[in-house]
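Asker: Got data_0.txt for you, compact mmCIF, C-alpha atoms:
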```
# COMPACT_ATOMS: atom_id res chain seq x y z
CA MET A 117 -18.88 -92.71 -31.83
CA SER A 118 -21.28 -90.42 -33.57
CA LYS A 119 -21.10 -88.08 -30.62
CA LYS A 120 -17.34 -87.85 -30.92
CA LYS A 121 -17.57 -87.09 -34.61
CA SER A 122 -19.94 -84.19 -34.19
CA LYS A 123 -17.74 -82.74 -31.46
CA ASN A 124 -14.77 -82.76 -33.78
CA ARG A 125 -16.71 -81.12 -36.54
CA ARG A 126 -17.91 -78.37 -34.27
CA SER A 127 -14.46 -77.50 -32.99
CA LYS A 128 -13.19 -77.37 -36.55
CA ARG A 129 -15.94 -75.00 -37.62
CA LYS A 130 -15.39 -72.82 -34.56
CA SER A 131 -11.69 -72.47 -35.19
CA TYR A 132 -12.45 -71.55 -38.79
CA ARG A 133 -14.93 -68.91 -37.78
CA TYR A 134 -12.86 -67.18 -35.15
CA GLY A 135 -9.42 -67.51 -36.71
CA LYS A 136 -6.27 -68.29 -34.80
CA ARG A 137 -6.75 -68.38 -31.06
CA LYS A 138 -4.60 -65.88 -29.16
CA LYS A 139 -2.26 -67.29 -26.56
CA CYS A 140 -1.88 -65.85 -23.11
CA ARG A 141 0.96 -63.34 -23.21
CA PHE A 142 1.93 -63.92 -19.59
CA CYS A 143 2.14 -67.70 -20.03
CA GLN A 144 4.31 -67.29 -23.14
CA ASP A 145 6.75 -64.95 -21.46
CA SER A 146 7.36 -65.76 -17.80
CA SER A 147 9.56 -62.68 -17.39
CA LEU A 148 6.46 -60.47 -17.67
CA VAL A 149 5.15 -59.76 -14.19
CA ILE A 150 1.69 -58.37 -13.47
CA ASP A 151 2.10 -55.58 -10.95
CA TYR A 152 -0.33 -52.86 -9.90
CA LYS A 153 2.48 -50.29 -10.14
CA ASP A 154 3.15 -51.00 -13.83
CA VAL A 155 0.69 -48.48 -15.24
CA LYS A 156 1.83 -48.79 -18.84
CA LEU A 157 1.28 -52.55 -18.89
CA LEU A 158 -2.14 -52.28 -17.26
CA GLN A 159 -3.32 -49.64 -19.71
CA ASN A 160 -2.70 -52.07 -22.56
CA TYR A 161 -5.54 -54.10 -21.07
CA MET A 162 -8.00 -51.26 -20.55
CA SER A 163 -10.33 -49.55 -22.98
CA ASP A 164 -10.02 -45.80 -23.55
CA ARG A 165 -13.06 -45.54 -21.27
CA GLY A 166 -11.07 -47.15 -18.48
CA LYS A 167 -12.84 -50.50 -18.57
CA ILE A 168 -10.96 -53.76 -18.07
CA ALA A 169 -10.69 -55.66 -21.36
CA ALA A 170 -12.49 -59.00 -21.44
CA ARG A 171 -10.69 -62.30 -21.79
CA ARG A 172 -12.01 -62.79 -25.30
CA VAL A 173 -10.24 -59.56 -26.21
CA THR A 174 -7.00 -60.06 -24.32
CA GLY A 175 -6.69 -63.79 -24.98
CA ASN A 176 -5.29 -64.29 -21.49
CA CYS A 177 -5.71 -67.50 -19.54
CA ALA A 178 -8.06 -67.45 -16.53
CA LYS A 179 -5.25 -67.27 -14.00
CA HIS A 180 -3.50 -64.31 -15.55
CA GLN A 181 -6.71 -62.47 -16.40
CA ARG A 182 -7.66 -62.73 -12.73
CA GLU A 183 -4.26 -61.40 -11.66
CA LEU A 184 -4.51 -58.61 -14.20
CA ALA A 185 -7.98 -57.56 -13.07
CA ARG A 186 -6.81 -57.52 -9.46
CA ALA A 187 -3.80 -55.37 -10.40
CA ILE A 188 -6.02 -52.91 -12.26
CA ARG A 189 -8.41 -52.63 -9.31
CA ARG A 190 -5.50 -51.93 -6.95
CA SER A 191 -4.09 -49.42 -9.36
CA ARG A 192 -7.46 -47.68 -9.59
CA PHE A 193 -7.65 -47.37 -5.83
CA LEU A 194 -4.31 -45.55 -5.82
CA ALA A 195 -5.51 -43.25 -8.63
CA LEU A 196 -2.77 -44.51 -10.95
CA VAL A 197 -5.39 -45.47 -13.54
CA PRO A 198 -8.95 -44.10 -13.75
CA TYR A 199 -12.15 -45.87 -12.73
CA THR A 200 -13.89 -44.18 -15.62
CA VAL A 201 -13.00 -41.69 -18.33
CA ASP A 202 -15.58 -39.11 -19.27
CA ILE A 203 -14.92 -38.42 -22.93
CA TYR A 204 -17.63 -35.80 -23.32
CA ARG A 205 -16.15 -33.38 -20.88
CA MET B 139 8.21 -70.06 18.73
CA GLU B 140 9.35 -67.70 16.02
CA GLN B 141 6.46 -66.00 14.30
CA GLU B 142 6.14 -66.36 10.56
CA ARG B 143 7.07 -63.23 8.66
CA ARG B 144 5.83 -62.21 5.26
CA ASN B 145 6.82 -59.64 2.68
CA TYR B 146 4.46 -56.70 2.35
CA GLU B 147 4.25 -53.51 0.36
CA LEU B 148 2.83 -50.29 1.73
CA ALA B 149 1.78 -47.69 -0.81
CA ALA B 150 1.25 -44.24 0.69
CA ILE B 151 0.10 -41.12 -1.11
CA PHE B 152 1.16 -37.90 0.60
CA ASP B 153 -0.57 -34.57 0.24
CA SER B 154 0.94 -32.48 -2.56
CA GLU B 155 0.67 -29.39 -0.38
CA ILE B 156 3.50 -30.64 1.82
CA GLU B 157 6.65 -28.55 1.36
CA LYS B 158 9.37 -30.43 -0.51
CA ALA B 159 11.78 -29.88 2.36
CA GLU B 160 9.32 -31.39 4.83
CA LEU B 161 8.46 -34.38 2.68
CA ASP B 162 11.49 -36.42 3.75
CA SER B 163 10.56 -36.13 7.41
CA HIS B 164 6.99 -37.26 6.61
CA ILE B 165 8.36 -40.25 4.68
CA ALA B 166 10.67 -41.12 7.57
CA GLU B 167 7.80 -40.81 10.01
CA VAL B 168 5.74 -43.44 8.18
CA GLU B 169 8.81 -45.68 8.03
CA LYS B 170 9.07 -45.34 11.80
CA ILE B 171 5.42 -46.38 12.15
CA VAL B 172 6.11 -49.53 10.12
CA ASN B 173 9.21 -50.37 12.12
CA GLY B 174 7.44 -49.60 15.37
CA ALA B 175 4.61 -52.01 14.55
CA GLY B 176 7.04 -54.91 14.18
CA GLY B 177 8.03 -54.58 10.53
CA THR B 178 11.47 -54.21 8.97
CA VAL B 179 11.57 -51.82 6.02
CA SER B 180 14.05 -52.98 3.40
CA VAL B 181 13.47 -50.47 0.58
CA THR B 182 11.68 -47.13 0.41
CA ASP B 183 10.80 -46.13 -3.12
CA ASN B 184 9.82 -42.51 -3.70
CA TRP B 185 8.12 -41.90 -7.03
CA GLY B 186 7.79 -38.19 -6.45
CA MET B 187 4.82 -36.05 -7.38
CA ARG B 188 2.27 -37.61 -9.73
CA ASP B 189 -1.08 -36.48 -11.04
CA PHE B 190 -4.09 -38.53 -9.93
CA ALA B 191 -6.38 -40.24 -12.39
CA TYR B 192 -9.26 -38.76 -10.38
CA PRO B 193 -9.35 -36.31 -7.46
CA ILE B 194 -8.73 -37.67 -3.95
CA LYS B 195 -9.99 -35.42 -1.14
CA LYS B 196 -10.32 -32.64 -3.72
CA LYS B 197 -6.60 -32.82 -4.49
CA ARG B 198 -5.35 -33.44 -8.00
CA SER B 199 -1.85 -34.73 -7.29
CA GLY B 200 0.28 -36.27 -4.58
CA TYR B 201 3.62 -37.84 -3.68
CA TYR B 202 3.71 -41.61 -4.18
CA VAL B 203 5.94 -43.54 -1.79
CA PHE B 204 6.25 -47.33 -1.62
CA TYR B 205 7.67 -49.18 1.39
CA TYR B 206 8.79 -52.78 1.11
CA PHE B 207 8.94 -54.58 4.43
CA ASP B 208 8.64 -57.94 6.11
CA ALA B 209 6.55 -58.40 9.20
CA PRO B 210 4.39 -60.83 11.19
CA ALA B 211 0.70 -61.05 10.39
CA GLU B 212 -0.62 -58.55 12.95
CA THR B 213 1.61 -55.69 11.80
CA PRO B 214 -0.48 -54.51 8.81
CA HIS B 215 -3.49 -53.97 11.09
CA LYS B 216 -1.41 -51.94 13.50
CA ILE B 217 0.02 -49.82 10.69
CA ARG B 218 -3.45 -49.15 9.27
CA ASP B 219 -4.77 -48.01 12.63
CA ILE B 220 -2.02 -45.40 12.95
CA ILE B 221 -1.75 -44.26 9.33
CA LYS B 222 -5.50 -43.68 9.10
CA LEU B 223 -5.11 -40.85 11.60
CA LYS B 224 -2.37 -39.10 9.66
CA GLU B 225 -3.99 -36.34 7.65
CA ASP B 226 -1.10 -35.77 5.27
CA VAL B 227 -1.42 -39.36 3.97
CA LEU B 228 -4.28 -39.04 1.52
CA ARG B 229 -4.48 -42.75 0.81
CA HIS B 230 -2.60 -45.92 1.69
CA MET B 231 -2.71 -49.58 0.77
CA ILE B 232 -0.91 -52.59 2.24
CA VAL B 233 -0.65 -55.71 0.10
CA ILE B 234 1.36 -58.92 0.21
CA SER B 235 4.36 -58.33 -2.01
CA LYS B 236 4.90 -60.81 -4.82
CA THR B 237 7.47 -58.88 -6.81
CA PRO B 238 10.95 -58.28 -5.40
CA PRO B 239 11.58 -54.67 -4.32
CA PRO B 240 13.49 -52.44 -6.73
CA GLU B 241 17.18 -52.16 -5.97
CA LYS B 242 17.20 -48.41 -6.28
CA THR B 243 14.58 -45.74 -6.39
CA THR B 244 12.88 -45.02 -9.69
CA ILE B 245 12.11 -41.37 -9.11
CA GLY B 246 13.99 -40.06 -12.16
CA ASP B 247 12.54 -42.60 -14.58
CA ILE B 248 8.95 -41.89 -13.74
CA GLU B 249 9.28 -38.14 -13.93
CA ASN B 250 10.90 -38.45 -17.33
CA GLU B 251 8.13 -40.72 -18.58
CA GLN B 252 5.49 -38.21 -17.58
CA GLU B 253 7.25 -35.38 -19.36
CA GLU B 254 7.36 -37.34 -22.61
CA VAL B 255 3.60 -37.92 -22.64
```
Using structure tokens, write down the structure from this file.
Answerer:
Amino acid sequence: MSKKKSKNRRSKRKSYRYGKRKKCRFCQDSSLVIDYKDVKLLQNYMSDRGKIAARRVTGNCAKHQRELARAIRRSRFLALVPYTVDIYR
Amino acid sequence: MEQERRNYELAAIFDSEIEKAELDSHIAEVEKIVNGAGGTVSVTDNWGMRDFAYPIKKKRSGYYVFYYFDAPAETPHKIRDIIKLKEDVLRHMIVISKTPPPEKTTIGDIENEQEEV
């Protein structure tokens, strides 16, 4: 009983601290398809350094984050998106 | 027994130094390789010339062509073995296709997008 109570309290505090939890965009809208050829979509999930954005940033679910990361890696191989961006050049 | 066939996508990047007039014959040649290895090409999507995000074989741009085909499981290996030897294909990738192929080519759209940016 006491265990349950403390669990509830913690989740409440967590939600307060981090604000509203983002929902996975690809789960919300099933018409959105993750494809390695869709450069514009992939770049939404990359930093300006070319790194893949983490799940805590994107708010994606595990399944779609995995698909997204795979698409970005394929896209990188075809030189559609960069592996790395050198901003001091 | 009929062999199980799957949908694949072949992405091929052709050397930008190929003459525009010769490009079509190079594209057709790769299509022949796919068909010869047991595949059936349904759509060929030519994106046209595109700049690379990083240099490949010291080249800065190339022609992107995507082939959508269905084939039995051993075909991708056969295609790879042949395409690897073609020097005008800078890079290629064969993946299992999950998205349906485009109905028409998207050459115009992509060139326009690049001009805007």
Asker: With all atoms listed in the file considered, list every residue of chain A at most 10 Å from chain B, as an MDAnalysis selection string.
Answerer: chainID A and resid 149:151 153 190:201
Asker: With distances taken over only C-alpha atoms, which residue among B:Phe152, B:Lys197, B:Ala209, B:Val203 lies nearest Thr178 (chain B)?
Answerer: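 Smallest separation from Thr178 (chain B) among the options: B:Ala209.
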Asker: In Å to one decimal, how far is CA of Ala178 (chain A) from CA of Cys143 (chain A)?
Answerer: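 Straight-line distance from CA of Cys143 (chain A) to CA of Ala178 (chain A) works out to 10.8 Å.
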Asker: So that I can see what lies close to Asn173 (chain B), please list as a ChimeraX atom specification the residues with an atom at most 10 Å from it, counting only C-alpha atoms and leaving out residues fewer than 5 positions away in the same chain.
Answerer: /B:167-168,178-179,207-209,213,217
Asker: Which residues, written as a PyMOL selection string, have at least one atom at most 9 Å from Arg143 (chain B), with all atoms listed in the file counted and residues fewer than 2 positions away on the same chain left out?
Answerer: chain B and resi 140-141+145+177+208-211
Asker: Have a look at CA of Lys167 (chain A) and CA of Pro240 (chain B) and let me know their distance in Å, one decimal.
Answerer: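 Separation between CA of Lys167 (chain A) and CA of Pro240 (chain B): 28.9 Å.
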Asker: For the atom pair CA of Leu157 (chain A) and CA of Gly186 (chain B), what is the interatomic distance in Å to one decimal place?
Answerer: 20.1 Å
Asker: Would you pick out the contacts of Phe142 (chain A) at 7 Å or less, using only C-alpha atoms, so that residues sharing its chain but fewer than 4 positions from it are not included, and give the list as a list in words?
Answerer: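 So the residues in contact are Ser146, Leu148 and His180 of chain A.
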Asker: With a distance cut-off of 9 Å and all atoms listed in the file, select the neighbouring residues of region 171-176 of chain A, excluding the residue or stretch itself and same-chain residues fewer than 4 positions from it, and output the selection as a PDB file with C-alpha atoms, in the frame of the given file.
Answerer:
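As written to disk, result14.pdb reads:
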```
ATOM      1  CA  ARG A 137      -6.750 -68.380 -31.060  1.00  0.00           C
ATOM      2  CA  LYS A 138      -4.600 -65.880 -29.160  1.00  0.00           C
ATOM      3  CA  LYS A 139      -2.260 -67.290 -26.560  1.00  0.00           C
ATOM      4  CA  CYS A 140      -1.880 -65.850 -23.110  1.00  0.00           C
ATOM      5  CA  ARG A 141       0.960 -63.340 -23.210  1.00  0.00           C
ATOM      6  CA  PHE A 142       1.930 -63.920 -19.590  1.00  0.00           C
ATOM      7  CA  CYS A 143       2.140 -67.700 -20.030  1.00  0.00           C
ATOM      8  CA  TYR A 161      -5.540 -54.100 -21.070  1.00  0.00           C
ATOM      9  CA  HIS A 180      -3.500 -64.310 -15.550  1.00  0.00           C
ATOM     10  CA  GLN A 181      -6.710 -62.470 -16.400  1.00  0.00           C
TER      11      GLN A 181
END
```
Asker: Taking only C-alpha atoms into account, which of A:Ile203, A:Cys177, A:Ala170, A:Ala185 comes nearest Leu158 (chain A)?
Answerer: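 Looking only at the distances to Leu158 (chain A), the closest residue turns out to be A:Ala185.
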